[in-house]
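Novice: For reference, the file start13.cif (mmCIF, C-alpha atoms and all ligand atoms) is included below:
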data_start
loop_
_atom_site.label_atom_id
_atom_site.label_comp_id
_atom_site.auth_asym_id
_atom_site.auth_seq_id
_atom_site.Cartn_x
_atom_site.Cartn_y
_atom_site.Cartn_z
CA MET A 21 175.94 255.04 207.41
CA PHE A 22 178.92 254.85 209.77
CA GLY A 23 179.84 257.62 212.16
CA LYS A 24 176.32 258.85 212.77
CA VAL A 25 175.94 261.34 215.61
CA THR A 26 172.91 260.99 217.88
CA ILE A 27 172.03 263.94 220.04
CA GLU A 28 168.98 262.76 221.98
CA ASP A 29 170.28 259.83 223.97
CA HIS A 30 169.17 259.60 227.56
CA PHE A 31 170.73 258.20 230.71
CA ASN A 32 169.69 257.83 234.30
CA LEU A 33 171.81 257.52 237.42
CA PRO A 34 171.98 253.89 238.56
CA ASP A 35 171.07 255.07 242.07
CA PHE A 36 167.71 256.19 240.69
CA ALA A 37 166.73 252.90 239.11
CA GLU A 38 163.49 252.92 241.10
CA LYS A 39 162.51 256.27 239.65
CA ALA A 40 163.45 255.08 236.17
CA LYS A 41 161.22 252.09 236.68
CA TRP A 42 158.34 254.27 237.80
CA TRP A 43 158.73 256.41 234.66
CA ALA A 44 159.18 253.35 232.47
CA GLY A 45 155.89 252.06 233.80
CA PHE A 46 154.12 254.75 231.78
CA PHE A 47 156.15 254.40 228.61
CA ALA A 48 158.03 251.11 228.31
CA VAL A 49 156.48 247.72 227.65
CA ASP A 50 159.50 246.03 229.24
CA ALA A 51 160.38 248.23 232.22
CA ASP A 52 163.31 246.09 233.38
CA LYS A 53 165.01 246.24 229.99
CA HIS A 54 164.43 249.98 229.88
CA VAL A 55 166.05 250.46 233.29
CA ARG A 56 169.04 248.35 232.28
CA GLU A 57 169.49 250.35 229.09
CA ILE A 58 169.00 253.82 230.51
CA SER A 59 171.37 253.18 233.43
CA ASP A 60 174.22 252.08 231.17
CA VAL A 61 176.53 254.44 229.32
CA ASP A 62 179.11 251.86 228.47
CA LYS A 63 178.76 248.29 227.25
CA ILE A 64 175.11 248.03 226.26
CA ARG A 65 175.04 251.40 224.55
CA LEU A 66 178.32 250.93 222.73
CA GLU A 67 177.33 247.51 221.54
CA TYR A 68 174.22 248.94 219.91
CA ALA A 69 176.24 251.85 218.55
CA ASN A 70 178.88 249.61 217.01
CA LYS A 71 176.24 247.42 215.47
CA HIS A 72 174.29 250.31 213.99
CA GLY A 73 177.00 252.73 212.92
CA VAL A 74 176.62 255.38 215.63
CA GLY A 75 179.98 257.08 216.11
CA TYR A 76 179.17 259.68 218.73
CA HIS A 77 176.42 260.28 221.30
CA ILE A 78 175.58 263.47 223.13
CA LEU A 79 173.99 262.18 226.31
CA SER A 80 171.31 263.81 228.41
CA TYR A 81 169.74 263.15 231.78
CA THR A 82 166.33 261.61 231.30
CA ALA A 83 162.95 263.31 231.60
CA PRO A 84 161.42 264.64 233.74
CA GLY A 85 164.74 265.00 235.52
CA ILE A 86 165.54 268.23 237.26
CA GLN A 87 162.45 269.96 235.87
CA ASP A 88 160.32 267.85 238.19
CA ILE A 89 162.10 268.97 241.37
CA ALA A 90 160.12 271.74 243.04
CA ASP A 91 162.71 272.77 245.60
CA PRO A 92 165.35 275.06 244.02
CA ALA A 93 168.21 273.96 246.30
CA GLU A 94 167.48 270.29 245.71
CA ALA A 95 167.19 270.89 241.96
CA LEU A 96 170.63 272.51 241.91
CA ARG A 97 172.13 269.75 244.04
CA MET A 98 170.71 267.03 241.78
CA ALA A 99 171.80 268.81 238.60
CA GLN A 100 175.35 269.15 239.90
CA LEU A 101 175.43 265.55 241.04
CA THR A 102 174.14 264.37 237.66
CA ASN A 103 176.58 266.49 235.69
CA ASP A 104 179.51 265.38 237.85
CA TRP A 105 178.46 261.74 237.49
CA ILE A 106 178.10 261.72 233.73
CA TYR A 107 181.39 263.54 233.29
CA GLU A 108 183.13 260.76 235.24
CA GLN A 109 181.48 258.12 233.06
CA ILE A 110 182.47 259.60 229.72
CA LYS A 111 185.69 261.49 230.36
CA ASP A 112 187.89 258.66 229.07
CA LYS A 113 185.86 258.19 225.88
CA PRO A 114 185.90 261.61 224.22
CA ASP A 115 185.80 259.98 220.78
CA ARG A 116 182.44 258.33 221.61
CA PHE A 117 180.53 260.46 224.10
CA GLY A 118 179.73 264.04 224.95
CA SER A 119 177.02 265.32 227.27
CA PHE A 120 174.47 268.03 227.67
CA ALA A 121 174.23 269.69 231.06
CA ALA A 122 171.16 269.05 233.19
CA LEU A 123 170.05 272.36 234.67
CA PRO A 124 167.91 273.61 237.57
CA MET A 125 165.56 276.09 235.92
CA HIS A 126 164.14 277.93 238.94
CA ASP A 127 166.43 280.90 238.70
CA PRO A 128 168.05 282.17 235.49
CA ALA A 129 171.31 283.17 237.17
CA VAL A 130 171.69 279.81 238.93
CA ALA A 131 170.95 277.94 235.70
CA ALA A 132 173.49 280.07 233.84
CA LYS A 133 176.13 279.42 236.45
CA GLU A 134 175.70 275.64 236.33
CA LEU A 135 175.78 275.68 232.54
CA ARG A 136 178.98 277.70 232.60
CA ARG A 137 180.55 275.25 235.06
CA CYS A 138 179.67 272.29 232.83
CA VAL A 139 180.86 273.87 229.60
CA GLU A 140 184.06 275.42 230.96
CA LYS A 141 185.09 272.67 233.38
CA TYR A 142 183.75 269.56 231.65
CA GLY A 143 183.50 270.54 227.98
CA PHE A 144 179.79 269.75 227.83
CA LYS A 145 178.13 270.47 224.50
CA GLY A 146 175.24 272.62 225.71
CA ALA A 147 172.16 272.04 227.85
CA LEU A 148 169.14 269.81 227.51
CA VAL A 149 166.17 270.89 229.58
CA ASN A 150 162.89 269.03 229.93
CA ASP A 151 160.37 271.76 229.08
CA ILE A 152 158.90 273.84 231.92
CA GLN A 153 160.22 273.74 235.48
CA ILE A 154 157.85 272.87 238.31
CA ALA A 155 157.87 275.80 240.76
CA PRO A 156 158.50 275.61 244.54
CA ASP A 157 154.76 275.47 245.29
CA GLY A 158 154.67 272.15 243.42
CA LYS A 159 151.89 273.37 241.11
CA SER A 160 152.89 276.46 239.16
CA LEU A 161 155.12 276.23 236.12
CA ILE A 162 158.12 278.26 235.06
CA PHE A 163 158.56 279.14 231.38
CA TYR A 164 161.83 280.57 230.09
CA ASP A 165 160.23 282.93 227.60
CA GLN A 166 159.98 285.94 229.93
CA PRO A 167 162.44 288.85 229.95
CA GLU A 168 163.98 287.84 233.29
CA TRP A 169 165.41 284.77 231.50
CA ASP A 170 167.56 286.94 229.26
CA VAL A 171 170.50 286.63 231.65
CA PHE A 172 170.37 282.90 231.09
CA TRP A 173 170.03 283.16 227.30
CA GLN A 174 172.92 285.62 227.18
CA THR A 175 175.12 283.06 228.91
CA VAL A 176 174.06 280.34 226.45
CA VAL A 177 175.05 282.64 223.59
CA GLU A 178 178.28 283.71 225.25
CA LEU A 179 179.31 280.10 225.83
CA ASP A 180 178.40 279.45 222.19
CA VAL A 181 176.50 276.23 222.86
CA PRO A 182 173.02 275.12 221.82
CA PHE A 183 170.05 274.60 224.12
CA TYR A 184 167.89 271.51 223.57
CA LEU A 185 164.27 271.96 224.62
CA HIS A 186 163.08 268.43 225.34
CA PRO A 187 159.60 267.36 226.45
CA LYS A 188 158.44 266.18 229.83
CA GLN A 189 155.12 264.95 231.09
CA PRO A 190 152.50 267.56 232.01
CA THR A 191 152.48 268.42 235.70
CA GLY A 192 150.75 270.82 238.06
CA VAL A 193 147.85 272.86 236.78
CA VAL A 194 148.47 271.86 233.16
CA HIS A 195 148.10 268.20 234.00
CA ASP A 196 145.03 268.71 236.13
CA THR A 197 143.12 270.84 233.65
CA LEU A 198 144.08 269.33 230.30
CA TRP A 199 145.38 265.82 230.60
CA ALA A 200 144.03 264.11 233.71
CA ASP A 201 140.99 262.82 231.85
CA ARG A 202 142.96 261.99 228.69
CA LYS A 203 145.89 260.08 230.10
CA TRP A 204 146.64 257.99 226.98
CA LEU A 205 147.51 261.17 225.12
CA ILE A 206 150.26 262.01 227.60
CA GLY A 207 153.70 261.60 226.07
CA PRO A 208 154.59 261.03 222.41
CA PRO A 209 150.99 260.80 221.10
CA LEU A 210 150.32 264.48 221.89
CA SER A 211 151.31 266.15 225.16
CA PHE A 212 155.07 266.18 224.54
CA ALA A 213 154.80 268.03 221.25
CA GLN A 214 152.16 270.36 222.59
CA GLY A 215 154.29 271.31 225.58
CA VAL A 216 157.47 271.98 223.64
CA SER A 217 155.80 273.76 220.74
CA LEU A 218 153.98 276.08 223.15
CA HIS A 219 157.21 276.83 224.96
CA LEU A 220 159.31 277.39 221.84
CA LEU A 221 156.69 279.51 220.11
CA GLY A 222 156.35 281.42 223.38
CA MET A 223 160.05 282.24 223.10
CA VAL A 224 159.47 283.44 219.54
CA VAL A 225 156.50 285.72 220.26
CA ASN A 226 157.98 287.04 223.48
CA GLY A 227 161.05 288.24 221.62
CA VAL A 228 163.71 285.93 223.09
CA PHE A 229 165.32 285.45 219.67
CA ASP A 230 165.08 289.15 218.84
CA ARG A 231 166.95 290.02 222.02
CA ASN A 232 169.38 287.09 221.57
CA PRO A 233 169.75 286.75 217.81
CA LYS A 234 172.61 284.27 218.04
CA LEU A 235 170.74 281.86 220.33
CA GLN A 236 170.50 278.30 218.95
CA VAL A 237 167.66 276.09 220.19
CA ILE A 238 167.12 272.46 219.20
CA ILE A 239 163.80 270.63 219.33
CA GLY A 240 163.35 266.93 218.68
CA HIS A 241 160.71 264.71 217.12
CA LEU A 242 160.94 266.41 213.73
CA GLY A 243 160.01 269.74 215.18
CA GLU A 244 157.24 268.85 217.65
CA HIS A 245 154.51 269.40 215.00
CA ILE A 246 155.60 272.96 214.17
CA PRO A 247 156.93 272.32 210.63
CA PHE A 248 153.53 270.97 209.65
CA ASP A 249 151.97 274.25 210.79
CA LEU A 250 154.65 276.61 209.53
CA TRP A 251 152.64 278.07 206.68
CA ARG A 252 149.66 278.72 208.92
CA ILE A 253 151.73 280.19 211.78
CA ASN A 254 153.52 282.43 209.30
CA HIS A 255 150.26 283.54 207.71
CA TRP A 256 148.72 284.42 211.05
CA PHE A 257 151.78 286.14 212.47
CA GLU A 258 152.36 288.23 209.36
CA ASP A 259 148.84 288.95 208.17
CA ILE A 260 146.83 289.19 211.38
CA LYS A 261 148.87 289.18 214.61
CA LYS A 262 151.45 291.75 213.53
CA PRO A 263 148.78 294.22 212.36
CA LEU A 264 147.12 293.60 215.74
CA GLY A 265 150.32 294.37 217.65
CA LEU A 266 152.65 291.33 217.69
CA SER A 267 155.99 293.07 217.70
CA ILE A 268 158.59 290.44 216.76
CA LYS A 269 161.19 291.56 214.24
CA LYS A 270 161.32 288.59 211.89
CA THR A 271 159.07 285.94 210.42
CA ILE A 272 158.67 282.49 211.94
CA ARG A 273 160.51 281.15 208.90
CA ASP A 274 163.45 283.45 209.71
CA TYR A 275 163.68 282.07 213.24
CA PHE A 276 163.67 278.56 211.78
CA ARG A 277 166.49 279.61 209.44
CA GLU A 278 168.60 281.42 212.04
CA ASN A 279 167.85 280.06 215.51
CA ILE A 280 166.04 276.73 215.49
CA TRP A 281 167.18 273.19 214.70
CA ILE A 282 165.13 270.01 214.60
CA THR A 283 166.11 266.37 215.08
CA THR A 284 164.71 263.03 213.99
CA SER A 285 164.45 261.74 217.56
CA GLY A 286 161.66 259.22 217.93
CA HIS A 287 160.19 260.07 214.53
CA PHE A 288 161.41 257.71 211.86
CA SER A 289 159.11 258.59 209.00
CA THR A 290 160.54 259.13 205.52
CA PRO A 291 157.67 261.23 204.13
CA THR A 292 157.74 263.45 207.22
CA LEU A 293 161.51 263.94 207.05
CA LYS A 294 161.30 264.76 203.34
CA TYR A 295 158.50 267.18 204.06
CA CYS A 296 160.60 268.88 206.75
CA ILE A 297 163.57 269.19 204.38
CA GLU A 298 161.32 270.86 201.85
CA GLU A 299 159.39 273.06 204.28
CA LEU A 300 162.55 274.22 206.09
CA GLY A 301 164.31 274.98 202.82
CA GLY A 302 166.90 272.17 202.95
CA PRO A 303 168.65 269.81 205.37
CA ASP A 304 171.00 272.30 206.98
CA ARG A 305 169.23 272.53 210.34
CA ILE A 306 168.06 268.93 210.67
CA MET A 307 170.05 266.40 212.71
CA PHE A 308 169.79 262.69 213.30
CA ALA A 309 168.82 261.53 216.79
CA THR A 310 167.44 258.31 218.23
CA ASP A 311 165.65 259.04 221.53
CA TYR A 312 167.17 255.90 223.02
CA PRO A 313 166.12 254.07 225.14
CA PHE A 314 162.54 255.23 224.69
CA GLU A 315 163.07 254.24 221.07
CA ASN A 316 165.78 251.86 219.94
CA TYR A 317 168.89 252.13 217.80
CA HIS A 318 167.72 249.39 215.48
CA ASP A 319 164.58 251.26 214.40
CA ALA A 320 166.29 254.64 214.22
CA CYS A 321 169.39 253.48 212.38
CA THR A 322 167.98 250.95 209.96
CA TRP A 323 165.44 253.58 208.94
CA PHE A 324 168.05 256.27 208.50
CA ASP A 325 170.59 254.03 206.75
CA ALA A 326 168.01 252.88 204.21
CA LEU A 327 166.72 256.38 203.46
CA ASN A 328 166.59 257.23 199.85
CA LEU A 329 168.13 260.70 200.13
CA ASP A 330 170.82 262.50 198.26
CA VAL A 331 174.18 261.44 199.78
CA GLY A 332 175.12 265.00 200.69
CA GLN A 333 171.82 265.51 202.51
CA LYS A 334 172.27 262.26 204.37
CA GLU A 335 175.76 263.14 205.52
CA LYS A 336 174.58 266.52 206.77
CA ILE A 337 171.65 265.11 208.72
CA GLY A 338 173.43 261.98 209.95
CA ARG A 339 176.68 263.57 210.99
CA ASP A 340 177.98 266.83 209.62
CA ASN A 341 175.36 269.31 210.87
CA ALA A 342 175.95 268.11 214.42
CA ARG A 343 179.66 268.07 213.89
CA GLY A 344 179.58 271.72 212.95
CA LEU A 345 177.06 272.91 215.52
CA PHE A 346 178.80 271.19 218.44
CA LYS A 347 182.31 271.74 217.06
CA LEU A 348 183.05 268.04 217.48
CA LYS A 349 186.58 266.83 217.33
CA SER A 350 187.50 263.44 215.99
CA PHE A 351 185.11 260.57 216.81
CA LYS A 352 184.56 257.01 215.64
CA ASP A 353 184.15 256.81 211.86
CA CYS A 354 183.82 260.57 211.60
CA ASP A 355 185.53 260.63 208.24
CA SER A 356 184.14 257.43 206.86
CA TYR A 357 182.78 257.88 203.38
CA ASP A 358 182.15 254.26 202.46
CA ALA A 359 178.94 254.53 204.29
CA TYR A 360 176.21 253.51 201.91
C1 LIG B 1 161.82 260.96 226.32
O1 LIG B 1 162.40 261.15 225.26
O2 LIG B 1 162.22 261.46 227.36
C2 LIG B 1 160.60 260.08 226.35
C3 LIG B 1 160.03 259.82 227.57
C4 LIG B 1 158.93 258.98 227.59
C5 LIG B 1 158.42 258.43 226.43
C6 LIG B 1 159.00 258.69 225.23
C7 LIG B 1 160.09 259.52 225.18
O3 LIG B 1 160.54 260.35 228.66
O4 LIG B 1 160.66 259.78 224.00
ZN ZN B 2 163.92 262.17 224.44
#
Kindly present the structure from the file in structure tokens form.

Specialist:
Amino acid sequence: MFGKVTIEDHFNLPDFAEKAKWWAGFFAVDADKHVREISDVDKIRLEYANKHGVGYHILSYTAPGIQDIADPAEALRMAQLTNDWIYEQIKDKPDRFGSFAALPMHDPAVAAKELRRCVEKYGFKGALVNDIQIAPDGKSLIFYDQPEWDVFWQTVVELDVPFYLHPKQPTGVVHDTLWADRKWLIGPPLSFAQGVSLHLLGMVVNGVFDRNPKLQVIIGHLGEHIPFDLWRINHWFEDIKKPLGLSIKKTIRDYFRENIWITTSGHFSTPTLKYCIEELGGPDRIMFATDYPFENYHDACTWFDALNLDVGQKEKIGRDNARGLFKLKSFKDCDSYDAY
């Protein structure tokens, strides 16, 4: 399919190649190739895109990114530097690239202000944040599911942009207690999904979506395990937790219908995608994404292009859901219908 939109597509600043290499050491078999790919938002990426029918990318600063910076002032400085840098890289290619803002998540008002700057000044498409923020003590962790974060969520809603909750590696007390002795489960095998699903479901049970009913949150990797558990979560919320005092207004299925989107990033399984379409009641809140360069365009795109799905469903997932959610203007092959 031509003109696919991919919305989990990471970059790193070339000045931080050493850090990218350190991170790649945990996750990439060929660290040098990974560093070359993640540091490029031009030739290498566009060559893959042209070869595999990707028309538009929404870029994001790589994990762990700003969420791993304990000092609030340094986190803000780095977020601003990153956002300024990526804007310069893509500003002349609006028909190929957009970007999410990287945000310092120590203080809700500071995060809101940087998001506003990026959306209003640079036309960024929303924010992508790498799960919980490491706190100034270097050990504690900041979740955004507490009432003091409402000022941030109100700004996200007011700016009318989505918020992508992306994983990062476990740090601080979570790392030391859960993962230190199980290091091969860190990352895609388990810890990423566990971190994001805890955080997102924390937002649900702590009423973030009740207080901000227009808020739109995206999670990758076909829903970070939650769709598989939807029946059970629903059963326990409705039949046990609500009688015991859980006070959220809607069902988990309602939040998945009204507030939550999932993407195919890094999860190229046909049975799982079909299951998600069925469990979520259709393809309307599912979007294509690659997770490049942790995964590659070839695997993501050849899988998606060959999918045996109804054409309308494929167009929604591959392009049109993102086009609507991000209000995308014209991009490469955006109206191509000779795609199959
Ligand atoms: C990511 O998407 O950020 C990521 C990593 C490490 C391994 C896999 C992965 O940062 O998808
Ligand atoms: Zn990713």

Novice: From the list A:Ile86, A:Thr197, A:Leu250, A:Thr271, which residue is nearest A:Cys296 when using only C-alpha atoms?

Specialist: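 Smallest separation from A:Cys296 among the options: A:Leu250.
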
Novice: Could you tell me, counting all atoms listed in the file, which protein and nucleic acid residues lie no more than 6 Å from ligand LIG 1 (chain B), written as number ranges by chain?

Specialist: A: 47, 82-83, 207-208, 311, 314

Novice: Would you write out those residues with C-alpha atoms, as a PDB file, in the coordinates of the input?

Specialist:
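To be explicit, this is the file written out as part23.pdb:
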ATOM      1  CA  PHE A  47     156.150 254.400 228.610  1.00  0.00           C
ATOM      2  CA  THR A  82     166.330 261.610 231.300  1.00  0.00           C
ATOM      3  CA  ALA A  83     162.950 263.310 231.600  1.00  0.00           C
ATOM      4  CA  GLY A 207     153.700 261.600 226.070  1.00  0.00           C
ATOM      5  CA  PRO A 208     154.590 261.030 222.410  1.00  0.00           C
ATOM      6  CA  ASP A 311     165.650 259.040 221.530  1.00  0.00           C
ATOM      7  CA  PHE A 314     162.540 255.230 224.690  1.00  0.00           C
TER       8      PHE A 314
END

Novice: Given a cut-off of 10 Å, what residues near ligand ZN 2 (chain B) show up using all atoms listed in the file, put as a PyMOL selection string?

Specialist: chain A and resi 27-30+80-84+148+150+185-188+208+212+239-241+285-286+309-315

Novice: Step by step: start from the point (160.1, 264.8, 238.4) in the file's coordinates, keep every protein, DNA or RNA residue that has an atom no farther than 12 Å from it, count all atoms listed in the file, and write the set as a PyMOL selection string.

Specialist: chain A and resi 36+39-40+42-43+81-91+94-95+98+124+150-155+158+188-192

Novice: Check the smallest atom-to-atom distance from each of A:Trp251, A:Phe31, A:Trp281, A:Phe308 to A:Arg56 using all atoms listed in the file, then report the winner.

Specialist: A:Phe31

Novice: Ranking A:Phe46, A:Tyr142, A:Phe22, A:Trp256 by minimum distance to A:Asp355 and counting all atoms listed in the file, which one comes first?

Specialist: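 Of A:Phe46, A:Tyr142, A:Phe22, A:Trp256, the one nearest A:Asp355, counting all atoms listed in the file, is A:Phe22.
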
Novice: Do you have the atom CA of A:Glu57-atom CA of A:Lys111 distance handy?

Specialist: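 Value for the atom CA of A:Glu57-atom CA of A:Lys111 distance: 19.7 Å.
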
Novice: Provide the atom CA of A:Val228 to atom CA of A:Phe163 distance in Å, to one decimal place.

Specialist: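 The value is 11.9 Å.
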
Novice: Suppose you want the space between atom CA of A:Ile282 and atom CA of A:Arg231; what is it in Å?

Specialist: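 Going from atom CA of A:Ile282 over to atom CA of A:Arg231 covers 21.4 Å.
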
Novice: So, counting only C-alpha atoms, which residue among A:Pro92, A:Phe351, A:Val225, A:Gly338 is closest to A:Asp325?

Specialist: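 Using only C-alpha atoms, A:Asp325 sits closest to A:Gly338.
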
Novice: Of the candidates A:Tyr76, A:Tyr107, A:Phe276, A:Phe120, which one gets nearest to A:Ile297 if we count all atoms listed in the file?

Specialist: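 Closest to A:Ile297, using all atoms listed in the file: A:Phe276.
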
Novice: Calculated over all atoms listed in the file, which of the candidates A:Leu221, A:Ile306, A:Pro291, A:Lys352 has the smallest distance to A:Trp323?

Specialist: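 Ranked by minimum distance to A:Trp323, first place goes to A:Pro291.
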
Novice: Can you list, as a ChimeraX atom specification, every protein, DNA or RNA residue that comes within 10 Å of A:Lys269 when you count all atoms listed in the file, leaving out same-chain residues fewer than 3 positions away?

Specialist: /A:224-225,227,229-231,262,266,272,274-275

Novice: Distance cut-off 7 Å, centre (179.1, 257.3, 213.9) in file coordinates, counting all atoms listed in the file: which residues qualify? Return them as a list in words.

Specialist: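 Applying the cut-off with all atoms listed in the file, one gets Phe22, Gly23, Lys24, Val25, Gly73, Val74, Gly75, Tyr76, Lys352, Asp353 and Cys354 of chain A.
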